[in-house]
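Dropping start.cif in here (mmCIF, C-alpha atoms, pLDDT in the B column; chains and numbers go by the auth columns):
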data_input
loop_
_atom_site.group_PDB
_atom_site.id
_atom_site.type_symbol
_atom_site.label_atom_id
_atom_site.label_comp_id
_atom_site.label_asym_id
_atom_site.label_seq_id
_atom_site.Cartn_x
_atom_site.Cartn_y
_atom_site.Cartn_z
_atom_site.B_iso_or_equiv
_atom_site.auth_seq_id
_atom_site.auth_asym_id
ATOM 1 C CA MET A 1 6.997 40.877 69.158 91.00 1 K
ATOM 2 C CA TYR A 2 10.333 40.247 67.491 96.00 2 K
ATOM 3 C CA GLN A 3 13.145 42.719 66.927 96.00 3 K
ATOM 4 C CA ILE A 4 14.202 43.534 63.365 97.00 4 K
ATOM 5 C CA GLU A 5 17.919 44.074 62.825 97.00 5 K
ATOM 6 C CA VAL A 6 19.855 44.921 59.677 98.00 6 K
ATOM 7 C CA ILE A 7 23.515 44.000 59.409 98.00 7 K
ATOM 8 C CA HIS A 8 26.183 43.955 56.718 97.00 8 K
ATOM 9 C CA GLY A 9 27.879 40.570 56.673 96.00 9 K
ATOM 10 C CA ASP A 10 28.004 36.908 55.741 96.00 10 K
ATOM 11 C CA LEU A 11 24.808 34.924 56.325 97.00 11 K
ATOM 12 C CA THR A 12 26.692 31.655 56.843 96.00 12 K
ATOM 13 C CA THR A 13 28.518 32.995 59.916 96.00 13 K
ATOM 14 C CA GLN A 14 25.498 34.245 61.870 97.00 14 K
ATOM 15 C CA ALA A 15 24.922 32.950 65.410 95.00 15 K
ATOM 16 C CA VAL A 16 21.190 32.266 65.065 98.00 16 K
ATOM 17 C CA ASP A 17 18.814 29.320 65.319 98.00 17 K
ATOM 18 C CA ALA A 18 18.094 29.339 61.583 98.00 18 K
ATOM 19 C CA ILE A 19 19.258 30.981 58.408 98.00 19 K
ATOM 20 C CA VAL A 20 17.069 31.355 55.358 98.00 20 K
ATOM 21 C CA ASN A 21 18.410 30.181 52.038 98.00 21 K
ATOM 22 C CA ALA A 22 17.411 31.994 48.845 97.00 22 K
ATOM 23 C CA ALA A 23 16.773 28.646 47.159 97.00 23 K
ATOM 24 C CA ASN A 24 15.824 27.658 43.652 96.00 24 K
ATOM 25 C CA THR A 25 12.734 25.564 43.027 97.00 25 K
ATOM 26 C CA TRP A 26 14.773 22.328 42.701 97.00 26 K
ATOM 27 C CA LEU A 27 16.575 23.092 45.999 97.00 27 K
ATOM 28 C CA GLN A 28 19.972 22.556 44.388 94.00 28 K
ATOM 29 C CA GLY A 29 22.840 24.774 45.474 90.00 29 K
ATOM 30 C CA GLY A 30 23.332 27.256 42.688 85.00 30 K
ATOM 31 C CA GLY A 31 25.213 30.516 42.715 87.00 31 K
ATOM 32 C CA GLY A 32 25.110 33.403 45.147 90.00 32 K
ATOM 33 C CA VAL A 33 23.824 32.838 48.662 93.00 33 K
ATOM 34 C CA ASP A 34 22.311 29.452 47.741 95.00 34 K
ATOM 35 C CA GLY A 35 25.666 28.079 46.612 95.00 35 K
ATOM 36 C CA ALA A 36 27.478 29.619 49.584 95.00 36 K
ATOM 37 C CA ILE A 37 25.066 27.972 52.038 97.00 37 K
ATOM 38 C CA HIS A 38 25.263 24.570 50.336 96.00 38 K
ATOM 39 C CA ARG A 39 29.071 24.707 50.311 96.00 39 K
ATOM 40 C CA ALA A 40 29.314 25.819 53.950 97.00 40 K
ATOM 41 C CA ALA A 41 26.693 23.366 55.224 97.00 41 K
ATOM 42 C CA GLY A 42 28.219 20.375 53.450 96.00 42 K
ATOM 43 C CA PRO A 43 26.773 17.566 51.324 96.00 43 K
ATOM 44 C CA VAL A 44 24.130 16.496 53.852 96.00 44 K
ATOM 45 C CA ILE A 45 22.041 19.553 52.932 96.00 45 K
ATOM 46 C CA ASN A 46 22.032 18.653 49.253 96.00 46 K
ATOM 47 C CA GLN A 47 20.985 15.090 50.162 97.00 47 K
ATOM 48 C CA GLU A 48 18.113 16.369 52.332 98.00 48 K
ATOM 49 C CA CYS A 49 16.988 18.705 49.558 98.00 49 K
ATOM 50 C CA GLU A 50 17.140 15.937 46.944 97.00 50 K
ATOM 51 C CA ARG A 51 15.008 13.686 49.172 98.00 51 K
ATOM 52 C CA TYR A 52 12.456 16.467 49.587 98.00 52 K
ATOM 53 C CA VAL A 53 12.190 17.065 45.817 98.00 53 K
ATOM 54 C CA ARG A 54 11.910 13.318 45.083 98.00 54 K
ATOM 55 C CA LYS A 55 9.039 13.056 47.556 98.00 55 K
ATOM 56 C CA HIS A 56 7.212 16.385 47.008 98.00 56 K
ATOM 57 C CA GLY A 57 8.436 17.751 43.688 98.00 57 K
ATOM 58 C CA PRO A 58 9.926 21.198 43.137 98.00 58 K
ATOM 59 C CA LEU A 59 9.183 23.828 45.777 98.00 59 K
ATOM 60 C CA PRO A 60 7.087 26.655 44.301 98.00 60 K
ATOM 61 C CA ALA A 61 7.986 30.336 44.624 98.00 61 K
ATOM 62 C CA GLY A 62 6.858 31.777 47.946 98.00 62 K
ATOM 63 C CA GLN A 63 7.095 28.434 49.745 98.00 63 K
ATOM 64 C CA VAL A 64 9.587 27.288 52.375 98.00 64 K
ATOM 65 C CA MET A 65 10.968 23.961 53.603 98.00 65 K
ATOM 66 C CA CYS A 66 13.484 23.137 56.330 98.00 66 K
ATOM 67 C CA THR A 67 16.617 21.025 56.526 98.00 67 K
ATOM 68 C CA THR A 68 19.135 20.528 59.285 98.00 68 K
ATOM 69 C CA GLY A 69 21.986 23.014 59.526 98.00 69 K
ATOM 70 C CA GLY A 70 24.542 20.523 58.284 97.00 70 K
ATOM 71 C CA GLN A 71 28.009 21.777 59.216 97.00 71 K
ATOM 72 C CA LEU A 72 26.740 25.308 59.919 97.00 72 K
ATOM 73 C CA PRO A 73 26.332 26.423 63.555 95.00 73 K
ATOM 74 C CA VAL A 74 22.527 26.699 63.219 98.00 74 K
ATOM 75 C CA ARG A 75 19.645 24.422 64.168 98.00 75 K
ATOM 76 C CA GLY A 76 18.124 24.585 60.709 98.00 76 K
ATOM 77 C CA ILE A 77 18.153 26.078 57.247 98.00 77 K
ATOM 78 C CA LEU A 78 14.850 27.398 55.933 98.00 78 K
ATOM 79 C CA HIS A 79 14.906 27.145 52.134 98.00 79 K
ATOM 80 C CA ALA A 80 12.673 29.842 50.614 98.00 80 K
ATOM 81 C CA VAL A 81 12.078 30.032 46.872 98.00 81 K
ATOM 82 C CA GLY A 82 11.856 33.649 45.805 98.00 82 K
ATOM 83 C CA PRO A 83 10.158 34.848 42.652 98.00 83 K
ATOM 84 C CA ILE A 84 12.069 35.405 39.442 97.00 84 K
ATOM 85 C CA TYR A 85 11.062 39.030 39.020 98.00 85 K
ATOM 86 C CA PRO A 86 10.718 39.225 35.199 97.00 86 K
ATOM 87 C CA ASP A 87 8.487 36.114 35.211 97.00 87 K
ATOM 88 C CA HIS A 88 5.692 37.807 37.222 97.00 88 K
ATOM 89 C CA ALA A 89 3.601 40.945 37.207 97.00 89 K
ATOM 90 C CA PRO A 90 5.058 43.314 39.835 97.00 90 K
ATOM 91 C CA ARG A 91 2.220 42.842 42.366 98.00 91 K
ATOM 92 C CA GLU A 92 2.428 39.072 42.061 98.00 92 K
ATOM 93 C CA ALA A 93 6.203 39.188 42.522 98.00 93 K
ATOM 94 C CA ASP A 94 5.650 41.332 45.641 98.00 94 K
ATOM 95 C CA ARG A 95 3.123 38.840 46.995 98.00 95 K
ATOM 96 C CA LEU A 96 5.472 35.904 46.405 98.00 96 K
ATOM 97 C CA LEU A 97 8.447 37.691 47.948 98.00 97 K
ATOM 98 C CA GLY A 98 6.397 38.625 51.010 98.00 98 K
ATOM 99 C CA ALA A 99 5.219 35.010 51.254 98.00 99 K
ATOM 100 C CA CYS A 100 8.859 33.834 51.452 98.00 100 K
ATOM 101 C CA TYR A 101 9.443 35.931 54.553 98.00 101 K
ATOM 102 C CA GLU A 102 6.080 35.175 56.157 98.00 102 K
ATOM 103 C CA ASN A 103 6.268 31.430 55.523 98.00 103 K
ATOM 104 C CA ALA A 104 9.842 31.284 56.817 98.00 104 K
ATOM 105 C CA LEU A 105 8.825 33.047 60.039 98.00 105 K
ATOM 106 C CA LEU A 106 5.786 30.809 60.500 98.00 106 K
ATOM 107 C CA LEU A 107 7.936 27.704 60.045 98.00 107 K
ATOM 108 C CA ALA A 108 10.591 29.093 62.405 98.00 108 K
ATOM 109 C CA GLU A 109 7.919 29.692 65.043 98.00 109 K
ATOM 110 C CA GLN A 110 6.510 26.197 64.531 98.00 110 K
ATOM 111 C CA LEU A 111 10.010 24.763 65.069 98.00 111 K
ATOM 112 C CA GLY A 112 10.576 26.859 68.195 98.00 112 K
ATOM 113 C CA TYR A 113 13.366 28.996 66.762 98.00 113 K
ATOM 114 C CA HIS A 114 14.182 32.239 68.580 98.00 114 K
ATOM 115 C CA SER A 115 16.289 33.902 65.879 98.00 115 K
ATOM 116 C CA VAL A 116 16.226 33.835 62.086 98.00 116 K
ATOM 117 C CA ALA A 117 18.632 35.488 59.631 98.00 117 K
ATOM 118 C CA PHE A 118 17.512 36.291 56.083 98.00 118 K
ATOM 119 C CA PRO A 119 19.494 37.101 52.945 98.00 119 K
ATOM 120 C CA ASN A 120 18.174 39.495 50.301 97.00 120 K
ATOM 121 C CA ILE A 121 15.910 36.997 48.544 98.00 121 K
ATOM 122 C CA SER A 122 15.526 37.360 44.753 97.00 122 K
ATOM 123 C CA THR A 123 17.651 40.524 44.427 96.00 123 K
ATOM 124 C CA GLY A 124 20.545 38.783 42.674 94.00 124 K
ATOM 125 C CA VAL A 125 20.177 36.722 39.520 93.00 125 K
ATOM 126 C CA TYR A 126 16.372 36.613 39.991 96.00 126 K
ATOM 127 C CA GLY A 127 16.351 40.299 39.034 97.00 127 K
ATOM 128 C CA TYR A 128 14.159 41.754 41.771 98.00 128 K
ATOM 129 C CA PRO A 129 14.824 45.506 42.044 98.00 129 K
ATOM 130 C CA LYS A 130 16.652 45.970 45.350 98.00 130 K
ATOM 131 C CA ASP A 131 14.748 49.066 46.444 97.00 131 K
ATOM 132 C CA ARG A 132 11.374 47.484 45.700 98.00 132 K
ATOM 133 C CA ALA A 133 12.361 44.269 47.507 98.00 133 K
ATOM 134 C CA ALA A 134 13.499 46.197 50.589 98.00 134 K
ATOM 135 C CA LYS A 135 10.120 47.987 50.765 98.00 135 K
ATOM 136 C CA VAL A 136 8.176 44.730 50.381 98.00 136 K
ATOM 137 C CA VAL A 137 10.290 42.958 52.998 98.00 137 K
ATOM 138 C CA LEU A 138 10.108 45.715 55.602 98.00 138 K
ATOM 139 C CA MET A 139 6.350 46.141 55.115 97.00 139 K
ATOM 140 C CA LYS A 140 5.834 42.391 55.533 98.00 140 K
ATOM 141 C CA LEU A 141 8.100 42.090 58.587 98.00 141 K
ATOM 142 C CA LYS A 142 6.527 45.096 60.301 97.00 142 K
ATOM 143 C CA ALA A 143 3.004 43.839 59.539 97.00 143 K
ATOM 144 C CA LEU A 144 3.831 40.473 61.132 97.00 144 K
ATOM 145 C CA GLN A 145 5.758 41.892 64.081 95.00 145 K
ATOM 146 C CA ASP A 146 2.800 42.249 66.455 90.00 146 K
ATOM 147 C CA ARG A 147 1.525 38.694 66.058 94.00 147 K
ATOM 148 C CA ASP A 148 1.527 36.487 69.110 93.00 148 K
ATOM 149 C CA TRP A 149 4.956 34.952 68.565 97.00 149 K
ATOM 150 C CA HIS A 150 5.750 32.428 71.296 96.00 150 K
ATOM 151 C CA SER A 151 9.382 31.718 70.459 97.00 151 K
ATOM 152 C CA LEU A 152 10.513 34.106 67.732 98.00 152 K
ATOM 153 C CA GLN A 153 12.479 37.051 69.168 97.00 153 K
ATOM 154 C CA ARG A 154 14.953 38.251 66.519 98.00 154 K
ATOM 155 C CA VAL A 155 14.741 38.683 62.755 98.00 155 K
ATOM 156 C CA ILE A 156 18.021 39.704 61.153 98.00 156 K
ATOM 157 C CA LEU A 157 18.333 40.964 57.607 98.00 157 K
ATOM 158 C CA VAL A 158 21.873 40.112 56.549 98.00 158 K
ATOM 159 C CA CYS A 159 23.039 42.174 53.596 97.00 159 K
ATOM 160 C CA TYR A 160 26.074 40.822 51.802 95.00 160 K
ATOM 161 C CA ASP A 161 26.402 43.923 49.640 94.00 161 K
ATOM 162 C CA GLN A 162 26.605 47.581 50.630 96.00 162 K
ATOM 163 C CA GLU A 163 23.756 48.608 48.310 96.00 163 K
ATOM 164 C CA ASN A 164 21.145 46.454 50.054 96.00 164 K
ATOM 165 C CA TYR A 165 22.492 47.414 53.469 98.00 165 K
ATOM 166 C CA SER A 166 22.247 51.135 52.656 97.00 166 K
ATOM 167 C CA LEU A 167 18.698 50.738 51.322 96.00 167 K
ATOM 168 C CA TYR A 168 17.518 49.023 54.513 97.00 168 K
ATOM 169 C CA GLN A 169 19.324 51.518 56.756 94.00 169 K
ATOM 170 C CA LYS A 170 17.648 54.417 54.932 94.00 170 K
ATOM 171 C CA MET A 171 14.185 52.818 55.077 94.00 171 K
ATOM 172 C CA ILE A 172 14.379 51.829 58.728 89.00 172 K
ATOM 173 C CA ALA A 173 15.594 55.271 59.874 79.00 173 K
#
As C-alpha cells, please, write out the structure in this file.
Amino acid sequence: MYQIEVIHGDLTTQAVDAIVNAANTWLQGGGGVDGAIHRAAGPVINQECERYVRKHGPLPAGQVMCTTGGQLPVRGILHAVGPIYPDHAPREADRLLGACYENALLLAEQLGYHSVAFPNISTGVYGYPKDRAAKVVLMKLKALQDRDWHSLQRVILVCYDQENYSLYQKMIA
C-alpha cells in the first residue's frame, strides 16, 4: 500500500524517484508543466522523446513512457498524455485521465521506483474541469492503493496552483 500526499509546490524540485510529466502526444515540451520539466531537465529529455516518437509514433492519450531524469534530481520522468477534455465525452475523458495515473504507477512499479510525484494532468490548457479531475484522480489512486505494490511507497500530488491544492485538501479530508 502506498501513501497519498498532496502538496502545494513545484514538481521539478521534488525529491522523488520519478516525476510525471503532463505531456502532449508528440512528447515535445510545450507550455505549463510540460515546458517547465523540459527546460529543467535539459535537452537530453527532448532528444529521448524525439527518438521515442520516431520509433513508435505519437503517444496516445492515457498512455505513458519513461525517459531519464536529465538534469533533474530524479531517476526518471514518466511522460503521461492526458486527454484534451473538449475532444472526448466526459466518461471517456475520465477513463483516459484515470489511465494516465494507473499506467504511470504500473510503469513506476515495473522500474522499481519507491516514490512518484504527479502534476494536475489535463487541468490547464487541455481544459479538464479541476474539480472533476480531482475526483477522478483520487478515486483511481484509492482504488489502486491496496494492490500488491512491491516497491511503490509514496504517491505525491503536486499542485502548482492554490485552486487544485484546495480541491484536493477538501476531498481528502
(request) Can you work out which one of K:Arg39, K:Arg91, K:Arg154, K:Arg51 has the shortest atom-to-atom distance to Arg132 (chain K), counting all atoms listed in the file? (result) K:Arg91
(request) Around the point (16.2, 44.4, 46.4) in the file's coordinates, collect all residues with an atom within 6 Å, using only C-alpha atoms, and return them as an NGL selection string. (result) :K and (123 or 128-134)
What are the closest atom pairs, with distances in Å to one decimal, for all residues of region 103-126 of chain K lying within 9 Å of region 145-152 of chain K? Consider all atoms listed in the file, order rows by chain and residue number, and present the result as JSON lines.
{"residue": "K:Leu105", "atom": "CA", "partner": "K:Leu152", "partner_atom": "CA", "distance": 7.9}
{"residue": "K:Ala108", "atom": "CA", "partner": "K:Leu152", "partner_atom": "CA", "distance": 7.3}
{"residue": "K:Glu109", "atom": "CA", "partner": "K:Leu152", "partner_atom": "CA", "distance": 5.8}
{"residue": "K:Gln110", "atom": "CA", "partner": "K:Ser151", "partner_atom": "CA", "distance": 8.6}
{"residue": "K:Leu111", "atom": "CA", "partner": "K:Ser151", "partner_atom": "CA", "distance": 8.8}
{"residue": "K:Gly112", "atom": "CA", "partner": "K:Ser151", "partner_atom": "CA", "distance": 5.5}
{"residue": "K:Tyr113", "atom": "CA", "partner": "K:Leu152", "partner_atom": "CA", "distance": 5.9}
{"residue": "K:His114", "atom": "CA", "partner": "K:Leu152", "partner_atom": "CA", "distance": 4.2}
{"residue": "K:Ser115", "atom": "CA", "partner": "K:Leu152", "partner_atom": "CA", "distance": 6.1}
{"residue": "K:Val116", "atom": "CA", "partner": "K:Leu152", "partner_atom": "CA", "distance": 8.0}
(request) Extract, using only C-alpha atoms, all DNA, RNA and protein residues at most 7 Å from region 8-21 of chain K, discarding same-chain residues fewer than 6 positions from it, and format them as an MDAnalysis selection string. (result) chainID K and resid 33:34 37 73:80 113:119 158:160 165
(message) Could you list, as a PyMOL selection string, every residue within 9 Å of Gly42 (chain K), counting only C-alpha atoms and ignoring same-chain residues fewer than 6 positions away?
(response) chain K and resi 70-72
(request) Could you jot down the CA of Ser166 (chain K) to CA of Leu144 (chain K) separation for me, Å, one decimal place? (result) 22.9 Å
(request) Find the residue from K:Leu27, K:Gly127, K:Gly69, K:Ala99 that sits nearest to Val44 (chain K); use all atoms listed in the file when measuring. (result) K:Gly69
(message) I'd like the contact shell of Ala93 (chain K) - 12 Å cut-off, only C-alpha atoms, skipping same-chain residues fewer than 3 positions apart - returned as a list in words.
(response) Ala61, Gly62, Val81, Gly82, Pro83, Ile84, Tyr85, Pro86, Asp87, His88, Ala89, Pro90, Leu96, Leu97, Gly98, Ala99, Cys100, Ile121, Ser122, Thr123, Tyr126, Gly127, Tyr128, Pro129, Arg132, Ala133, Val136 and Val137 of chain K
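Between CA of Leu59 (chain K) and CA of Leu106 (chain K) lies a distance of 16.6 Å.
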(request) Could you tell me how far CA of Gln63 (chain K) lies from CA of Asn103 (chain K), in Å and to one decimal? (result) 6.6 Å
(request) Determine the nearest neighbour of Cys66 (chain K) from the options K:Leu107, K:Ala36, K:Met1, K:Ala41, counting all atoms listed in the file. (result)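 Smallest separation from Cys66 (chain K) among the options: K:Leu107.
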(request) Quick one: apply the PyMOL selection byres ((chain K and resi 170-172) around 9) to the file and drop the selected residues here as a PyMOL selection string. (result) chain K and resi 6+134-135+138+165-169+173
Listed atoms of region 113-127 of chain K, axis-aligned box, 8 Å per side: centre and edge lengths to one decimal in Å, as lines of an AutoDock Vina configuration file?
center_x = 17.0
center_y = 34.8
center_z = 53.8
size_x = 23.2
size_y = 27.5
size_z = 45.5
(request) Point out the residue among K:Gln153, K:Gln3, K:Asn120, K:Asn164 with the least atom-to-atom distance to Ala22 (chain K), counting only C-alpha atoms. (result) K:Asn120
(message) Every residue with an atom at most 8 Å from (2.9, 39.8, 56.1) (file coordinates; all atoms listed in the file) is what I'm after, so could you write them as JSON, numbers by chain?
(response) {"K": [98, 99, 101, 102, 139, 140, 141, 142, 143, 144]}
